[in-house]
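S.K.: Here you go, this is start_37.pdb (PDB, C-alpha atoms).
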ATOM      1  CA  ARG A   1     210.207  98.555  95.217
ATOM      2  CA  ILE A   2     211.593 101.474  97.225
ATOM      3  CA  GLU A   3     214.846 102.167  98.985
ATOM      4  CA  THR A   4     214.681 102.001 102.773
ATOM      5  CA  ASN A   5     217.746 101.983 105.016
ATOM      6  CA  ASN A   6     219.838 101.273 101.914
ATOM      7  CA  ASN A   7     218.039  97.933 101.443
ATOM      8  CA  LYS A   8     215.517  97.091  98.777
ATOM      9  CA  GLN A   9     212.252  95.899 100.312
ATOM     10  CA  GLN A  10     209.143  94.925  98.415
ATOM     11  CA  GLN A  11     206.050  96.985  99.260
ATOM     12  CA  HIS A  12     202.466  95.808  98.893
ATOM     13  CA  VAL A  13     200.739  98.450  96.783
ATOM     14  CA  PRO A  14     196.928  98.508  96.317
ATOM     15  CA  ALA A  15     195.762  96.807  93.120
ATOM     16  CA  GLY A  16     195.469  99.095  90.131
ATOM     17  CA  MET A  17     197.900 101.674  91.484
ATOM     18  CA  ARG A  18     201.488 102.193  90.416
ATOM     19  CA  THR A  19     204.095 101.919  93.147
ATOM     20  CA  SER A  20     205.531 105.340  92.321
ATOM     21  CA  ASP A  21     202.086 106.987  92.527
ATOM     22  CA  TYR A  22     201.353 105.281  95.852
ATOM     23  CA  GLU A  23     204.692 106.342  97.291
ATOM     24  CA  ASN A  24     204.118 109.946  96.239
ATOM     25  CA  ASP A  25     200.638 109.992  97.770
ATOM     26  CA  VAL A  26     201.895 108.504 101.023
ATOM     27  CA  ALA A  27     204.892 110.810 101.226
ATOM     28  CA  GLY A  28     202.654 113.864 100.844
ATOM     29  CA  ASP A  29     200.354 113.119 103.769
ATOM     30  CA  GLY A  30     201.214 111.409 107.045
ATOM     31  CA  ARG A  31     197.681 110.024 107.392
ATOM     32  CA  MET A  32     198.215 107.915 104.313
ATOM     33  CA  TYR A  33     200.948 106.039 106.137
ATOM     34  CA  ASN A  34     198.402 105.007 108.745
ATOM     35  CA  ALA A  35     195.990 103.753 106.084
ATOM     36  CA  TRP A  36     198.830 101.849 104.433
ATOM     37  CA  ALA A  37     199.954 100.350 107.748
ATOM     38  CA  ASN A  38     196.421  99.223 108.568
ATOM     39  CA  LEU A  39     196.192  97.440 105.215
ATOM     40  CA  GLU A  40     199.433  95.613 106.003
ATOM     41  CA  PHE A  41     198.229  94.660 109.483
ATOM     42  CA  LYS A  42     194.920  93.317 108.179
ATOM     43  CA  ALA A  43     196.863  91.299 105.612
ATOM     44  CA  GLY A  44     198.771  89.613 108.454
ATOM     45  CA  ARG A  45     201.988  91.615 108.140
ATOM     46  CA  PRO A  46     202.303  93.440 111.506
ATOM     47  CA  THR A  47     206.083  93.843 111.224
ATOM     48  CA  GLU A  48     205.674  95.631 107.898
ATOM     49  CA  ALA A  49     202.900  97.800 109.369
ATOM     50  CA  CYS A  50     205.180  98.926 112.203
ATOM     51  CA  ARG A  51     208.013  99.605 109.765
ATOM     52  CA  ILE A  52     205.765 101.823 107.658
ATOM     53  CA  LEU A  53     204.721 103.865 110.678
ATOM     54  CA  LYS A  54     208.334 104.242 111.804
ATOM     55  CA  ARG A  55     209.101 105.599 108.364
ATOM     56  CA  ALA A  56     206.183 108.023 108.776
ATOM     57  CA  ILE A  57     207.551 109.243 112.104
ATOM     58  CA  SER A  58     210.976 109.832 110.558
ATOM     59  CA  GLN A  59     209.329 111.969 107.881
ATOM     60  CA  PHE A  60     206.767 113.667 110.141
ATOM     61  CA  PRO A  61     208.383 113.651 113.625
ATOM     62  CA  ASN A  62     206.014 116.312 115.005
ATOM     63  CA  ASP A  63     202.804 114.839 113.628
ATOM     64  CA  SER A  64     200.765 113.931 116.712
ATOM     65  CA  TYR A  65     198.314 111.898 114.588
ATOM     66  CA  ILE A  66     201.076 109.628 113.279
ATOM     67  CA  LEU A  67     202.541 109.168 116.765
ATOM     68  CA  HIS A  68     199.091 108.240 118.058
ATOM     69  CA  ALA A  69     198.581 105.793 115.172
ATOM     70  CA  ALA A  70     201.995 104.214 115.767
ATOM     71  CA  GLY A  71     201.133 103.840 119.452
ATOM     72  CA  LYS A  72     197.914 102.020 118.585
ATOM     73  CA  MET A  73     199.832  99.703 116.282
ATOM     74  CA  ASP A  74     202.390  98.929 118.995
ATOM     75  CA  GLU A  75     199.564  98.189 121.412
ATOM     76  CA  ARG A  76     197.940  95.829 118.900
ATOM     77  CA  ILE A  77     201.118  93.761 118.652
ATOM     78  CA  GLY A  78     201.620  93.717 122.445
ATOM     79  CA  ASN A  79     204.408  96.309 122.702
ATOM     80  CA  TYR A  80     202.702  98.181 125.513
ATOM     81  CA  GLU A  81     205.690 100.171 126.700
ATOM     82  CA  GLY A  82     206.345 101.334 123.147
ATOM     83  CA  ALA A  83     202.688 102.341 122.833
ATOM     84  CA  ARG A  84     202.876 104.263 126.096
ATOM     85  CA  ILE A  85     205.918 106.217 124.911
ATOM     86  CA  LEU A  86     204.308 107.075 121.570
ATOM     87  CA  TYR A  87     201.006 108.155 123.151
ATOM     88  CA  GLY A  88     202.975 110.386 125.516
ATOM     89  CA  LYS A  89     204.886 111.998 122.639
ATOM     90  CA  SER A  90     201.651 112.569 120.725
ATOM     91  CA  LEU A  91     200.018 114.245 123.714
ATOM     92  CA  ARG A  92     203.019 116.468 124.403
ATOM     93  CA  ILE A  93     202.861 117.789 120.841
ATOM     94  CA  SER A  94     199.089 118.224 120.646
ATOM     95  CA  PRO A  95     196.739 116.972 123.392
ATOM     96  CA  SER A  96     193.645 115.390 121.840
ATOM     97  CA  ALA A  97     190.667 113.437 123.116
ATOM     98  CA  PRO A  98     191.329 110.341 120.916
ATOM     99  CA  ALA A  99     194.935 110.041 122.124
ATOM    100  CA  LEU A 100     193.918 110.525 125.759
ATOM    101  CA  VAL A 101     191.239 107.829 125.422
ATOM    102  CA  ALA A 102     193.764 105.465 123.826
ATOM    103  CA  TYR A 103     196.181 106.084 126.711
ATOM    104  CA  ALA A 104     193.386 105.577 129.267
ATOM    105  CA  LEU A 105     192.355 102.254 127.715
ATOM    106  CA  LEU A 106     195.988 101.161 127.755
ATOM    107  CA  GLU A 107     196.070 101.887 131.499
ATOM    108  CA  LEU A 108     193.006  99.669 131.920
ATOM    109  CA  ASN A 109     194.478  96.818 129.864
ATOM    110  CA  PRO A 110     195.266  93.997 132.354
ATOM    111  CA  ASN A 111     198.120  92.835 130.121
ATOM    112  CA  ALA A 112     199.867  96.230 130.342
ATOM    113  CA  ASN A 113     200.697  96.463 134.048
ATOM    114  CA  GLY A 114     203.358  98.624 135.644
ATOM    115  CA  THR A 115     202.539 101.874 133.893
ATOM    116  CA  SER A 116     204.594 104.982 134.459
ATOM    117  CA  LEU A 117     201.491 107.131 135.049
ATOM    118  CA  ALA A 118     200.119 104.736 137.669
ATOM    119  CA  ASN A 119     203.490 104.695 139.421
ATOM    120  CA  GLU A 120     203.539 108.487 139.399
ATOM    121  CA  LEU A 121     200.100 108.495 141.013
ATOM    122  CA  ALA A 122     201.285 106.016 143.644
ATOM    123  CA  HIS A 123     204.019 108.472 144.641
ATOM    124  CA  LYS A 124     201.481 111.261 144.961
ATOM    125  CA  LEU A 125     199.269 109.107 147.174
ATOM    126  CA  ASP A 126     202.308 107.969 149.172
ATOM    127  CA  ILE A 127     201.502 104.271 148.685
ATOM    128  CA  THR A 128     204.488 103.299 146.542
ATOM    129  CA  ASN A 129     205.643 100.558 148.913
ATOM    130  CA  CYS A 130     202.199  99.130 149.671
ATOM    131  CA  THR A 131     201.437  95.576 148.591
ATOM    132  CA  ASN A 132     198.673  94.982 146.060
ATOM    133  CA  ALA A 133     196.561  93.403 148.804
ATOM    134  CA  LYS A 134     196.900  96.514 150.963
ATOM    135  CA  LYS A 135     196.071  98.766 148.009
ATOM    136  CA  GLU A 136     192.928  96.711 147.374
ATOM    137  CA  LYS A 137     191.994  96.967 151.051
ATOM    138  CA  MET A 138     192.430 100.741 150.836
ATOM    139  CA  GLY A 139     190.186 100.756 147.784
ATOM    140  CA  VAL A 140     192.895 102.136 145.516
ATOM    141  CA  ASP A 141     192.865 101.028 141.877
ATOM    142  CA  LEU A 142     195.804 102.969 140.494
ATOM    143  CA  ASN A 143     195.228 102.055 136.874
ATOM    144  CA  PHE A 144     191.570 103.045 137.068
ATOM    145  CA  GLU A 145     192.363 106.299 138.861
ATOM    146  CA  THR A 146     194.943 107.088 136.190
ATOM    147  CA  ALA A 147     192.474 106.255 133.418
ATOM    148  CA  LYS A 148     189.828 108.475 135.049
ATOM    149  CA  ARG A 149     192.213 111.420 135.000
ATOM    150  CA  LEU A 150     192.917 110.824 131.323
ATOM    151  CA  PHE A 151     189.207 110.500 130.483
ATOM    152  CA  ASN A 152     188.440 113.724 132.347
ATOM    153  CA  LYS A 153     191.227 115.537 130.489
ATOM    154  CA  ALA A 154     189.777 114.263 127.208
ATOM    155  CA  LEU A 155     186.349 115.666 128.075
ATOM    156  CA  LEU A 156     187.929 118.949 129.127
ATOM    157  CA  ILE A 157     189.578 119.241 125.700
ATOM    158  CA  ASP A 158     186.536 118.040 123.756
ATOM    159  CA  PRO A 159     183.272 117.787 125.746
ATOM    160  CA  LYS A 160     181.490 116.574 122.585
ATOM    161  CA  HIS A 161     183.738 113.550 121.965
ATOM    162  CA  GLY A 162     181.315 110.616 122.039
ATOM    163  CA  PRO A 163     183.911 107.784 122.222
ATOM    164  CA  THR A 164     185.258 109.261 125.475
ATOM    165  CA  TYR A 165     181.851 108.935 127.132
ATOM    166  CA  ASN A 166     181.529 105.412 125.751
ATOM    167  CA  ALA A 167     184.922 104.221 127.031
ATOM    168  CA  TYR A 168     184.693 106.050 130.371
ATOM    169  CA  GLY A 169     181.174 104.759 131.002
ATOM    170  CA  ALA A 170     182.208 101.193 130.175
ATOM    171  CA  ALA A 171     185.073 101.462 132.683
ATOM    172  CA  LEU A 172     182.647 102.655 135.354
ATOM    173  CA  LEU A 173     180.255  99.816 134.508
ATOM    174  CA  ASP A 174     183.088  97.277 134.814
ATOM    175  CA  ARG A 175     183.606  98.528 138.379
ATOM    176  CA  ASN A 176     179.887  98.424 139.165
ATOM    177  CA  GLN A 177     179.693 102.219 139.502
ATOM    178  CA  ILE A 178     176.268 102.266 137.884
ATOM    179  CA  SER A 179     174.995 105.612 139.112
ATOM    180  CA  LYS A 180     178.161 107.370 137.922
ATOM    181  CA  ALA A 181     177.987 105.601 134.552
ATOM    182  CA  ARG A 182     174.383 106.706 134.022
ATOM    183  CA  LYS A 183     175.177 110.299 134.965
ATOM    184  CA  LEU A 184     178.137 110.302 132.599
ATOM    185  CA  TYR A 185     176.065 109.066 129.651
ATOM    186  CA  GLU A 186     173.322 111.578 130.416
ATOM    187  CA  ARG A 187     176.006 114.257 130.428
ATOM    188  CA  GLY A 188     177.142 113.014 127.021
ATOM    189  CA  ILE A 189     173.597 113.143 125.662
ATOM    190  CA  ASN A 190     173.155 116.698 126.934
ATOM    191  CA  ALA A 191     176.498 117.672 125.360
ATOM    192  CA  ASN A 192     175.039 116.985 121.903
ATOM    193  CA  CYS A 193     178.078 114.951 120.857
ATOM    194  CA  SER A 194     179.381 114.844 117.314
ATOM    195  CA  ASP A 195     179.201 111.021 117.589
ATOM    196  CA  PRO A 196     175.907 110.399 119.427
ATOM    197  CA  ALA A 197     175.816 106.683 118.547
ATOM    198  CA  SER A 198     178.755 105.988 120.886
ATOM    199  CA  VAL A 199     176.966 107.613 123.816
ATOM    200  CA  TYR A 200     173.563 105.992 123.325
ATOM    201  CA  HIS A 201     175.072 102.562 122.680
ATOM    202  CA  GLY A 202     177.144 102.747 125.861
ATOM    203  CA  TYR A 203     174.161 103.931 127.892
ATOM    204  CA  ALA A 204     172.017 101.066 126.579
ATOM    205  CA  LYS A 205     174.704  98.536 127.579
ATOM    206  CA  VAL A 206     174.472  99.767 131.179
ATOM    207  CA  GLU A 207     170.738  99.084 131.246
ATOM    208  CA  ILE A 208     171.129  95.729 129.476
ATOM    209  CA  ALA A 209     173.679  94.642 132.098
ATOM    210  CA  PHE A 210     171.048  95.100 134.804
ATOM    211  CA  GLY A 211     168.137  93.610 132.924
ATOM    212  CA  ASN A 212     166.399  96.901 132.147
ATOM    213  CA  ILE A 213     165.576  95.786 128.619
ATOM    214  CA  ASP A 214     162.628  98.121 128.002
ATOM    215  CA  LYS A 215     164.727 101.130 129.012
ATOM    216  CA  ALA A 216     167.609  99.938 126.836
ATOM    217  CA  ILE A 217     165.254  99.663 123.855
ATOM    218  CA  ARG A 218     164.010 103.219 124.457
ATOM    219  CA  ILE A 219     167.593 104.504 124.649
ATOM    220  CA  LEU A 220     168.603 102.772 121.406
ATOM    221  CA  ARG A 221     165.502 104.026 119.580
ATOM    222  CA  LYS A 222     166.249 107.559 120.751
ATOM    223  CA  GLY A 223     169.871 107.144 119.665
ATOM    224  CA  LEU A 224     168.826 106.191 116.133
ATOM    225  CA  GLU A 225     166.424 109.124 116.049
ATOM    226  CA  VAL A 226     169.234 111.510 117.038
ATOM    227  CA  VAL A 227     171.598 110.007 114.439
ATOM    228  CA  ASP A 228     168.884 110.407 111.756
ATOM    229  CA  GLN A 229     168.358 114.037 112.741
ATOM    230  CA  ALA A 230     172.099 114.682 112.672
ATOM    231  CA  GLU A 231     172.404 113.211 109.195
ATOM    232  CA  ARG A 232     169.408 115.084 107.822
ATOM    233  CA  GLY A 233     170.782 118.304 109.287
ATOM    234  CA  GLY A 234     174.159 117.766 107.644
ATOM    235  CA  LYS A 235     175.919 117.346 110.988
ATOM    236  CA  PHE A 236     177.962 114.443 109.636
ATOM    237  CA  GLY A 237     180.603 115.636 107.196
ATOM    238  CA  ASN A 238     183.268 113.732 105.327
ATOM    239  CA  SER A 239     186.058 113.863 107.899
ATOM    240  CA  CYS A 240     187.396 110.610 109.333
ATOM    241  CA  HIS A 241     185.903 111.320 112.776
ATOM    242  CA  GLU A 242     182.473 112.232 111.377
ATOM    243  CA  THR A 243     182.415 109.196 109.081
ATOM    244  CA  LYS A 244     183.179 106.915 112.020
ATOM    245  CA  GLY A 245     180.352 108.565 113.953
ATOM    246  CA  ARG A 246     177.940 107.724 111.160
ATOM    247  CA  ASP A 247     179.291 104.191 110.785
ATOM    248  CA  ARG A 248     178.965 103.452 114.490
ATOM    249  CA  SER A 249     175.189 103.696 114.243
ATOM    250  CA  LYS A 250     175.242 100.128 112.878
ATOM    251  CA  PHE A 251     175.870  99.002 116.470
ATOM    252  CA  LEU A 252     172.680 100.790 117.523
ATOM    253  CA  PHE A 253     170.745  98.946 114.817
ATOM    254  CA  HIS A 254     172.267  95.593 115.751
ATOM    255  CA  SER A 255     171.729  95.948 119.515
ATOM    256  CA  LEU A 256     168.186  97.262 119.100
ATOM    257  CA  GLY A 257     167.291  94.551 116.597
ATOM    258  CA  MET A 258     168.582  91.774 118.854
ATOM    259  CA  LEU A 259     166.784  93.172 121.913
ATOM    260  CA  GLU A 260     163.533  93.375 119.964
ATOM    261  CA  LEU A 261     164.045  89.845 118.652
ATOM    262  CA  ASN A 262     164.862  88.403 122.081
ATOM    263  CA  SER A 263     161.756  90.126 123.431
ATOM    264  CA  ASN A 264     159.735  88.269 120.739
ATOM    265  CA  HIS A 265     159.038  91.512 118.852
ATOM    266  CA  VAL A 266     159.897  89.813 115.567
ATOM    267  CA  VAL A 267     158.199  92.302 113.244
ATOM    268  CA  ALA A 268     159.824  95.259 115.012
ATOM    269  CA  ALA A 269     163.218  93.529 114.917
ATOM    270  CA  HIS A 270     162.835  92.781 111.196
ATOM    271  CA  LYS A 271     162.157  96.463 110.483
ATOM    272  CA  VAL A 272     165.190  97.538 112.523
ATOM    273  CA  PHE A 273     167.544  95.206 110.660
ATOM    274  CA  GLU A 274     166.105  96.266 107.298
ATOM    275  CA  ARG A 275     166.664  99.934 108.174
ATOM    276  CA  GLY A 276     170.211  99.168 109.272
ATOM    277  CA  ILE A 277     171.019  97.313 106.053
ATOM    278  CA  ALA A 278     169.500 100.131 103.978
ATOM    279  CA  ARG A 279     171.847 102.570 105.717
ATOM    280  CA  HIS A 280     175.008 100.477 106.121
ATOM    281  CA  GLY A 281     174.839  97.988 103.278
ATOM    282  CA  ASN A 282     175.702  94.330 103.687
ATOM    283  CA  SER A 283     176.886  94.351 107.299
ATOM    284  CA  SER A 284     177.361  90.714 108.331
ATOM    285  CA  GLN A 285     175.888  91.350 111.795
ATOM    286  CA  LEU A 286     172.777  93.041 110.425
ATOM    287  CA  LEU A 287     172.284  90.386 107.739
ATOM    288  CA  LEU A 288     172.551  87.668 110.369
ATOM    289  CA  GLY A 289     169.994  89.457 112.523
ATOM    290  CA  LEU A 290     167.595  89.701 109.581
ATOM    291  CA  ALA A 291     168.080  85.974 108.872
ATOM    292  CA  LEU A 292     167.296  85.136 112.506
ATOM    293  CA  CYS A 293     164.062  87.116 112.185
ATOM    294  CA  ASP A 294     163.110  85.105 109.109
ATOM    295  CA  VAL A 295     163.801  81.847 110.992
ATOM    296  CA  ARG A 296     161.479  82.943 113.810
TER     297      ARG A 296
END
Render the structure in this file as C-alpha cells.
M.R.:
Amino acid sequence: RIETNNNKQQQHVPAGMRTSDYENDVAGDGRMYNAWANLEFKAGRPTEACRILKRAISQFPNDSYILHAAGKMDERIGNYEGARILYGKSLRISPSAPALVAYALLELNPNANGTSLANELAHKLDITNCTNAKKEKMGVDLNFETAKRLFNKALLIDPKHGPTYNAYGAALLDRNQISKARKLYERGINANCSDPASVYHGYAKVEIAFGNIDKAIRILRKGLEVVDQAERGGKFGNSCHETKGRDRSKFLFHSLGMLELNSNHVVAAHKVFERGIARHGNSSQLLLGLALCDVR
C-alpha cells in the first residue's frame, strides 16, 4: 500500500517483489511507470493504469516519453481529446517519430473526429464552412492531409524509423494510392531502417492486397534475410526500440508461412514456421501455422 492523494490505495505489485522495492524502482525511472500501467491495463484495470501514468506525469512533468505513453493509454480507453492534448505536450517538449506517428494514427481514427489539427488545416485551406459533401467533392480529406504532414515530420526527424513507413504506407494503401505506397516502402528499404521488418511487412501487404502473391513472397523472404543480417551484424541492441524491431520479424515469418501454405508450398511453409518458432519461441500464430502445415 502507498499513499496517494492522502488516500490509501492498494497497488498490484509483480509476484515475488516487495511493494517498497517496486515503488522505489518505479519512482527512479519514468519508463517503469509505463510498464506498470501496461500490466494494469492488461489485467483489466484501465482506470488504475491511467492513475499510475498521471502520477508519473506529476513526478516527471517534462518527460516526453511519459506524456506519449499517457496519450496512448487515453486513446486506448477512448479519451481521444485527452490523448491529443498529451501527444501535443510530448511533441512540444521533444519531437520524436513515435509520438508523431501516434498522433497521425489518432487523426486517422474514424472514432476521433473533430481534431484541432484538422480544423487548423481547414482554416489554412479556407474551407472551414464547407460541408463534408463539398469537401469530398473537392477531394479534401482533412484528417488524411493532417496525418500526412505528421508522417512527413516523423521521417524528417528520423528517416530510419521503420514503423513510420509502415503506418504511412498503410494509410496510402487504404486510400488506394498504390504507386505512392510502393515508392514510400522502397524509400524505407533504401534508408536501411533500424526496424526493417516493419517496412518489408508493410510493402508485402500492398502486393497481397492486389493479388501479387509471388512478389509479396519475394519481399517477405528478402525482409527476413535483412533481419538475419542485421542480427548477425549486431545491429539490434537491447534498447526497447531495437527489441521491438527484432520481435516484429515474427509477422514476416507468419505472413510468409501463410502465403507459402496457401500457395500449396507446404514444405516451404513448414520450414518458415519452424524458423520463426526457433527465433521467437512459442508464438501462438506461428504454432498454429505449423499445425496447419501438418494437417495438409
S.K.: Could you write out as a list in words the residues that the PyMOL selection byres ((chain A and resi 96) around 10) matches in the shown file?
M.R.: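 Applied to this file, the PyMOL selection byres ((chain A and resi 96) around 10) returns Ser64, Tyr65, His68, Ser90, Leu91, Arg92, Ile93, Ser94, Pro95, Ala97, Pro98, Ala99, Leu100, Val101, Lys153, Ala154, Leu155, Leu156, Ile157 and Asp158 of chain A.
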S.K.: Name the residues in contact with Lys54 of chain A at a cut-off of 12 Å, using all atoms listed in the file, excluding same-chain residues fewer than 3 positions from it; report them as a PyMOL selection string.
M.R.: chain A and resi 4-5+30+33-34+37+47-51+57-61+66-71+73-74+82+86
S.K.: For C-alpha atoms, I'd like the residues from the last selection saved as a PDB file, in the frame of the given file.
M.R.:
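As a result, out12.pdb now contains:
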ATOM      1  CA  THR A   4     214.681 102.001 102.773  1.00  0.00           C
ATOM      2  CA  ASN A   5     217.746 101.983 105.016  1.00  0.00           C
ATOM      3  CA  GLY A  30     201.214 111.409 107.045  1.00  0.00           C
ATOM      4  CA  TYR A  33     200.948 106.039 106.137  1.00  0.00           C
ATOM      5  CA  ASN A  34     198.402 105.007 108.745  1.00  0.00           C
ATOM      6  CA  ALA A  37     199.954 100.350 107.748  1.00  0.00           C
ATOM      7  CA  THR A  47     206.083  93.843 111.224  1.00  0.00           C
ATOM      8  CA  GLU A  48     205.674  95.631 107.898  1.00  0.00           C
ATOM      9  CA  ALA A  49     202.900  97.800 109.369  1.00  0.00           C
ATOM     10  CA  CYS A  50     205.180  98.926 112.203  1.00  0.00           C
ATOM     11  CA  ARG A  51     208.013  99.605 109.765  1.00  0.00           C
ATOM     12  CA  ILE A  57     207.551 109.243 112.104  1.00  0.00           C
ATOM     13  CA  SER A  58     210.976 109.832 110.558  1.00  0.00           C
ATOM     14  CA  GLN A  59     209.329 111.969 107.881  1.00  0.00           C
ATOM     15  CA  PHE A  60     206.767 113.667 110.141  1.00  0.00           C
ATOM     16  CA  PRO A  61     208.383 113.651 113.625  1.00  0.00           C
ATOM     17  CA  ILE A  66     201.076 109.628 113.279  1.00  0.00           C
ATOM     18  CA  LEU A  67     202.541 109.168 116.765  1.00  0.00           C
ATOM     19  CA  HIS A  68     199.091 108.240 118.058  1.00  0.00           C
ATOM     20  CA  ALA A  69     198.581 105.793 115.172  1.00  0.00           C
ATOM     21  CA  ALA A  70     201.995 104.214 115.767  1.00  0.00           C
ATOM     22  CA  GLY A  71     201.133 103.840 119.452  1.00  0.00           C
ATOM     23  CA  MET A  73     199.832  99.703 116.282  1.00  0.00           C
ATOM     24  CA  ASP A  74     202.390  98.929 118.995  1.00  0.00           C
ATOM     25  CA  GLY A  82     206.345 101.334 123.147  1.00  0.00           C
ATOM     26  CA  LEU A  86     204.308 107.075 121.570  1.00  0.00           C
TER      27      LEU A  86
END
S.K.: Taking the file as shown, find all residues satisfying the PyMOL selection byres ((chain A and resi 189-199) around 10) and write them as JSON, numbers by chain.
M.R.: {"A": [158, 159, 160, 161, 162, 163, 164, 165, 166, 167, 169, 183, 184, 185, 186, 187, 188, 200, 201, 202, 203, 204, 219, 220, 222, 223, 224, 226, 227, 230, 235, 236, 241, 242, 243, 244, 245, 246, 247, 248, 249, 250, 251, 252, 253]}
S.K.: What does the structure give for the distance between atom CA of Val206 of chain A and atom CA of Asp294 of chain A, in Å to one decimal?
M.R.: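 So the two atoms, atom CA of Val206 of chain A and atom CA of Asp294 of chain A, lie 28.8 Å apart.
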S.K.: Which value, in Å to one decimal, gives the distance between atom CA of Arg182 of chain A and atom CA of Asp141 of chain A?
M.R.: 20.9 Å
S.K.: Could segment 80-87 of chain A be completed with all heavy atoms and written as a compact mmCIF listing (two decimals), in the frame of the given file, please?
M.R.:
# COMPACT_ATOMS: atom_id res chain seq x y z
N TYR A 80 203.42 97.19 124.72
CA TYR A 80 202.70 98.18 125.51
C TYR A 80 203.58 99.35 125.95
O TYR A 80 203.11 100.50 125.98
CB TYR A 80 202.07 97.50 126.73
CG TYR A 80 201.13 96.39 126.36
CD1 TYR A 80 201.37 95.07 126.74
CD2 TYR A 80 200.00 96.65 125.58
CE1 TYR A 80 200.51 94.05 126.38
CE2 TYR A 80 199.14 95.63 125.20
CZ TYR A 80 199.39 94.33 125.60
OH TYR A 80 198.55 93.32 125.23
N GLU A 81 204.81 99.08 126.29
CA GLU A 81 205.69 100.17 126.70
C GLU A 81 205.97 101.10 125.52
O GLU A 81 206.00 102.33 125.68
CB GLU A 81 207.01 99.62 127.27
CG GLU A 81 207.87 100.67 127.96
CD GLU A 81 207.12 101.42 129.06
OE1 GLU A 81 206.32 100.80 129.78
OE2 GLU A 81 207.34 102.65 129.18
N GLY A 82 206.16 100.51 124.34
CA GLY A 82 206.34 101.33 123.15
C GLY A 82 205.12 102.19 122.87
O GLY A 82 205.24 103.37 122.50
N ALA A 83 203.93 101.60 123.04
CA ALA A 83 202.69 102.34 122.83
C ALA A 83 202.59 103.50 123.81
O ALA A 83 202.20 104.62 123.44
CB ALA A 83 201.50 101.40 122.99
N ARG A 84 202.94 103.24 125.05
CA ARG A 84 202.88 104.26 126.10
C ARG A 84 203.78 105.46 125.75
O ARG A 84 203.39 106.62 125.89
CB ARG A 84 203.29 103.64 127.43
CG ARG A 84 203.08 104.52 128.63
CD ARG A 84 203.28 103.74 129.91
NE ARG A 84 202.26 102.70 130.04
CZ ARG A 84 202.51 101.39 129.98
NH1 ARG A 84 203.73 100.95 129.80
NH2 ARG A 84 201.53 100.53 130.11
N ILE A 85 204.97 105.16 125.28
CA ILE A 85 205.92 106.22 124.91
C ILE A 85 205.37 107.05 123.75
O ILE A 85 205.42 108.28 123.76
CB ILE A 85 207.29 105.61 124.55
CG1 ILE A 85 207.95 105.02 125.81
CG2 ILE A 85 208.20 106.65 123.90
CD1 ILE A 85 209.17 104.17 125.52
N LEU A 86 204.82 106.37 122.75
CA LEU A 86 204.31 107.08 121.57
C LEU A 86 203.07 107.90 121.90
O LEU A 86 202.92 109.03 121.40
CB LEU A 86 204.01 106.07 120.46
CG LEU A 86 205.25 105.46 119.80
CD1 LEU A 86 204.89 104.21 119.01
CD2 LEU A 86 205.94 106.48 118.90
N TYR A 87 202.17 107.37 122.74
CA TYR A 87 201.01 108.16 123.15
C TYR A 87 201.46 109.41 123.89
O TYR A 87 200.92 110.50 123.69
CB TYR A 87 200.10 107.33 124.07
CG TYR A 87 199.33 106.22 123.38
CD1 TYR A 87 198.97 105.07 124.10
CD2 TYR A 87 198.95 106.30 122.05
CE1 TYR A 87 198.26 104.04 123.48
CE2 TYR A 87 198.25 105.28 121.44
CZ TYR A 87 197.90 104.15 122.17
OH TYR A 87 197.21 103.14 121.56
